[in-house]
Amino acid sequence: MVLSGGSRVIARPTDRNPVAQLLRTANETMLGRSLEFQSSTGASVTLDVVGRRVLRVTACHGLSGAEACLGAEVLEDDHKDDLIKLLQALAAPHHELRVISGPIGRGGAEVSVGLPVALLADLLLVELNEIESDSADAGGAPEAGPDAGPEELPSTGTSLTGFAQRLGPALIAWLIQGGTEDGQSSGPDEMVSHLVGFLEDERDSVLRQLDLMCDTPGEPVCLLLGITLIEGHSIVCARAQEALMLGVVEGDSTQSALAAWRGPAG
Amino acid sequence: MSVPESLGAVVKAFPQARLVAFADLSARMILTSAGPMNTTQEHLDRLCHQARTCFDDPLFSLSVEAFGEPHTAVVMGPANVRVFLRSEIEPADALCCICDPGIDLPAFVAKIRDTLDRITNGG
């Protein structure tokens, strides 16, 4: 869709993976171009792109952490983590993303340096050839069943209370801290108070640990941790948006947790 | 059966396993892998790092204090399910797997437990 002012919508609020659309757009650019990506959050990032490589970041508005990239005449390998964080922050889920293409900002169109878009895609586990699941309308929930194939797990908006309820009686104690569901809990007082005490001391460390398990920082994630997960007790720890859930499950929790994480249809 | 053949057998038995990798967690290295997923060395390095993170504090200590040392972890994200399994005999040996969400997880965990035990025992 091309809008007035030369901007083109590359990701709608219903798109599941807007950063993938951003990278695909950059990957389409063979001749030197300046691509200004604008999010409906108000943030924007402008990249000089040529030959499927990102040469530099020429402008950034409404986002923090862009200094290192903005200061680089040509992006190098050391900048890739900062650039990825910047693009992920820009391509926030549930917001429209547009691109405006213009002449490349500075010289260097002929330079074959910079960061390959394919490298960024690899690091983000993005398939540069568009796949249906990335652009599917979130309003149409995927069919979820054991034989449904490579469907998506929930990406955002996961209710941790709903997740806990779907886990059923196997979840013998749990609590949620943070977010709109802060304070929700269930189970024997002694177990819940132990979980509360643990999170009082370790909440930040737990969040860091979960972040290190994610493919994308801040994404919803759930960890089951136990001796076998098939018998005995295991720990379940999940994060969705600002909320953190910690609980104890009893018995074989693997399939029930997976189904619960996939949502009501799972 | 060699390690690559063992991993290949897991992928054959569970088509929804996109990647099954054998790692040395102490060396922070994926030694070999099987499966249809296209990966780069950086993918594999990150997967190994995620495995180490699962079996690290603070949640590792919580588990140890409450129930005993954990050897199995399942990480569910927006796009896939990752299963990490450490050997009970040689804790540095681990299997790191990326699966589609529709996988029969209990059966898969049992299968890779058996596979890892055989690898660690040398056969």
# chains A, B, ... in the order shown; residues from 1 in each chain; ligands from 1
$ residues_around --residues "Ala243 in chain A" --least-positions-apart "6" --cutoff "12 Å" --atoms "only C-alpha atoms" --output "list in words"
Thr156, Gly157, Thr158, Ser159, Leu160, Thr161, Leu175, Ile176, Gln177, Gly178, Gly179, Thr180, Glu181, Asp182, Gly183, Gln184, Arg203, Leu207, Gly218, Glu219, Pro220, Val221, Cys222 and Cys237 of chain A
$ write_last_selection --atoms "N, CA, C and O atoms" --output "short mmCIF file (atom, residue, chain, number, x, y, z; two decimals), in the first residue's frame"
data_model
loop_
_atom_site.label_atom_id
_atom_site.label_comp_id
_atom_site.auth_asym_id
_atom_site.auth_seq_id
_atom_site.Cartn_x
_atom_site.Cartn_y
_atom_site.Cartn_z
N THR A 156 2.14 -11.87 21.83
CA THR A 156 1.95 -10.76 22.76
C THR A 156 0.57 -10.89 23.38
O THR A 156 -0.27 -11.66 22.93
N GLY A 157 0.36 -10.11 24.40
CA GLY A 157 -0.97 -10.05 24.98
C GLY A 157 -1.36 -11.29 25.75
O GLY A 157 -2.53 -11.50 26.08
N THR A 158 -0.39 -12.17 26.02
CA THR A 158 -0.71 -13.39 26.74
C THR A 158 -1.12 -13.06 28.16
O THR A 158 -0.42 -12.38 28.87
N SER A 159 -2.29 -13.55 28.58
CA SER A 159 -2.71 -13.40 29.96
C SER A 159 -2.08 -14.51 30.77
O SER A 159 -2.32 -15.69 30.53
N LEU A 160 -1.27 -14.13 31.73
CA LEU A 160 -0.62 -15.16 32.54
C LEU A 160 -1.61 -15.81 33.49
O LEU A 160 -1.44 -16.99 33.84
N THR A 161 -2.63 -15.07 33.90
CA THR A 161 -3.67 -15.70 34.72
C THR A 161 -4.39 -16.78 33.90
O THR A 161 -4.64 -17.89 34.38
N LEU A 175 2.04 -17.45 41.40
CA LEU A 175 1.74 -16.04 41.64
C LEU A 175 2.22 -15.24 40.44
O LEU A 175 3.08 -15.68 39.66
N ILE A 176 1.65 -14.05 40.31
CA ILE A 176 2.04 -13.13 39.25
C ILE A 176 2.48 -11.82 39.90
O ILE A 176 1.80 -11.30 40.79
N GLN A 177 3.60 -11.32 39.45
CA GLN A 177 4.07 -10.01 39.89
C GLN A 177 4.18 -9.10 38.67
O GLN A 177 4.71 -9.51 37.64
N GLY A 178 3.70 -7.87 38.83
CA GLY A 178 3.83 -6.89 37.76
C GLY A 178 2.69 -6.96 36.77
O GLY A 178 1.91 -7.91 36.74
N GLY A 179 2.58 -5.91 35.97
CA GLY A 179 1.54 -5.87 34.94
C GLY A 179 0.16 -5.70 35.54
O GLY A 179 -0.01 -5.44 36.73
N THR A 180 -0.82 -5.88 34.69
CA THR A 180 -2.20 -5.66 35.13
C THR A 180 -2.72 -6.81 36.00
O THR A 180 -3.76 -6.68 36.63
N GLU A 181 -2.00 -7.91 36.01
CA GLU A 181 -2.45 -9.07 36.81
C GLU A 181 -1.65 -9.20 38.10
O GLU A 181 -1.68 -10.26 38.74
N ASP A 182 -0.97 -8.15 38.47
CA ASP A 182 -0.11 -8.17 39.66
C ASP A 182 -0.90 -8.63 40.89
O ASP A 182 -2.01 -8.16 41.14
N GLY A 183 -0.32 -9.56 41.64
CA GLY A 183 -0.95 -10.00 42.88
C GLY A 183 -1.80 -11.24 42.75
O GLY A 183 -2.20 -11.83 43.76
N GLN A 184 -2.11 -11.67 41.52
CA GLN A 184 -2.88 -12.90 41.35
C GLN A 184 -2.06 -14.07 41.86
O GLN A 184 -0.85 -14.16 41.61
N ARG A 203 13.75 -11.04 41.53
CA ARG A 203 12.93 -10.70 40.36
C ARG A 203 13.78 -10.19 39.19
O ARG A 203 13.64 -10.66 38.05
N LEU A 207 14.28 -11.98 35.52
CA LEU A 207 13.95 -11.32 34.24
C LEU A 207 15.16 -11.33 33.30
O LEU A 207 15.03 -11.55 32.10
N GLY A 218 12.66 -9.26 25.49
CA GLY A 218 11.35 -8.77 25.90
C GLY A 218 10.19 -9.58 25.38
O GLY A 218 9.03 -9.32 25.73
N GLU A 219 10.44 -10.58 24.54
CA GLU A 219 9.33 -11.34 24.00
C GLU A 219 8.72 -12.23 25.09
O GLU A 219 9.40 -12.58 26.06
N PRO A 220 7.45 -12.63 24.93
CA PRO A 220 6.85 -13.56 25.90
C PRO A 220 7.63 -14.86 25.90
O PRO A 220 8.03 -15.37 24.85
N VAL A 221 7.85 -15.38 27.09
CA VAL A 221 8.64 -16.60 27.19
C VAL A 221 8.20 -17.38 28.42
O VAL A 221 7.76 -16.79 29.40
N CYS A 222 8.28 -18.67 28.33
CA CYS A 222 7.92 -19.53 29.45
C CYS A 222 8.98 -20.63 29.58
O CYS A 222 9.33 -21.27 28.59
N CYS A 237 8.09 -20.74 34.95
CA CYS A 237 8.32 -19.30 35.07
C CYS A 237 8.01 -18.68 33.71
O CYS A 237 8.58 -19.10 32.69
#
$ residues_around --residues "Cys99 in chain B" --least-positions-apart "3" --cutoff "10 Å" --atoms "only C-alpha atoms" --output "PDB file with C-alpha atoms, in the first residue's frame"
ATOM      1  CA  PRO A 150       4.391 -25.255  12.497  1.00  0.00           C
TER       2      PRO A 150
ATOM      3  CA  VAL B  11      14.602 -36.019  13.642  1.00  0.00           C
ATOM      4  CA  PHE B  14       9.830 -36.514  15.176  1.00  0.00           C
ATOM      5  CA  PRO B  15       9.455 -34.446  11.995  1.00  0.00           C
ATOM      6  CA  GLN B  16       8.423 -31.476  14.115  1.00  0.00           C
ATOM      7  CA  ALA B  17      11.912 -31.404  15.576  1.00  0.00           C
ATOM      8  CA  ARG B  18      13.585 -28.827  13.363  1.00  0.00           C
ATOM      9  CA  LEU B  19      16.990 -29.054  14.989  1.00  0.00           C
ATOM     10  CA  VAL B  20      18.546 -31.550  17.361  1.00  0.00           C
ATOM     11  CA  GLY B  35      17.432 -31.457  11.288  1.00  0.00           C
ATOM     12  CA  MET B  37      16.404 -26.032  10.062  1.00  0.00           C
ATOM     13  CA  MET B  76       8.419 -21.749  24.944  1.00  0.00           C
ATOM     14  CA  ALA B  79       7.806 -18.979  17.432  1.00  0.00           C
ATOM     15  CA  ASN B  80       9.108 -22.275  18.679  1.00  0.00           C
ATOM     16  CA  VAL B  81       9.722 -24.638  21.549  1.00  0.00           C
ATOM     17  CA  ARG B  82      13.268 -25.311  22.668  1.00  0.00           C
ATOM     18  CA  VAL B  83      14.090 -28.386  24.702  1.00  0.00           C
ATOM     19  CA  GLY B 102       2.725 -29.098  17.672  1.00  0.00           C
ATOM     20  CA  ILE B 103       5.267 -31.673  18.792  1.00  0.00           C
ATOM     21  CA  ASP B 104       4.297 -34.483  21.175  1.00  0.00           C
ATOM     22  CA  LEU B 105       6.480 -33.125  23.942  1.00  0.00           C
ATOM     23  CA  PHE B 108       9.948 -36.300  22.439  1.00  0.00           C
TER      24      PHE B 108
END
$ select_by_dssp --residues "range 24-67 of chain A" --states "strand (DSSP E)" --output "PyMOL selection string"
chain A and resi 33-39+44-50+53-61
$ closest_residue --among "B:Ala21, B:Val64, B:Val3, B:Ala94" --to "chain A" --atoms "only C-alpha atoms"
B:Val64
$ interface_residues --of "chain B" --to "chain A" --cutoff "10 Å" --atoms "only C-alpha atoms" --output "number ranges by chain"
B: 15-16, 18, 38-43, 46-47, 49-60, 62-64, 66-86, 88, 99-107, 109-110, 113
$ atom_distance --atom1 "CA of Ile30 in chain B" --atom2 "CA of Gln88 in chain A"
27.1 Å
$ atom_distance --atom1 "CA of Gly71 in chain A" --atom2 "CA of Arg33 in chain A"
19.1 Å
$ select_by_dssp --residues "range 19-221 of chain A" --states "alpha helix (DSSP H)" --output "PyMOL selection string"
chain A and resi 19-27+67-70+80-90+117-123+132-135+160-167+189-213
$ closest_residue --among "A:Ala260, A:Val54, A:Leu75, A:Glu242" --to "Ala164 in chain A" --atoms "only C-alpha atoms"
A:Ala260
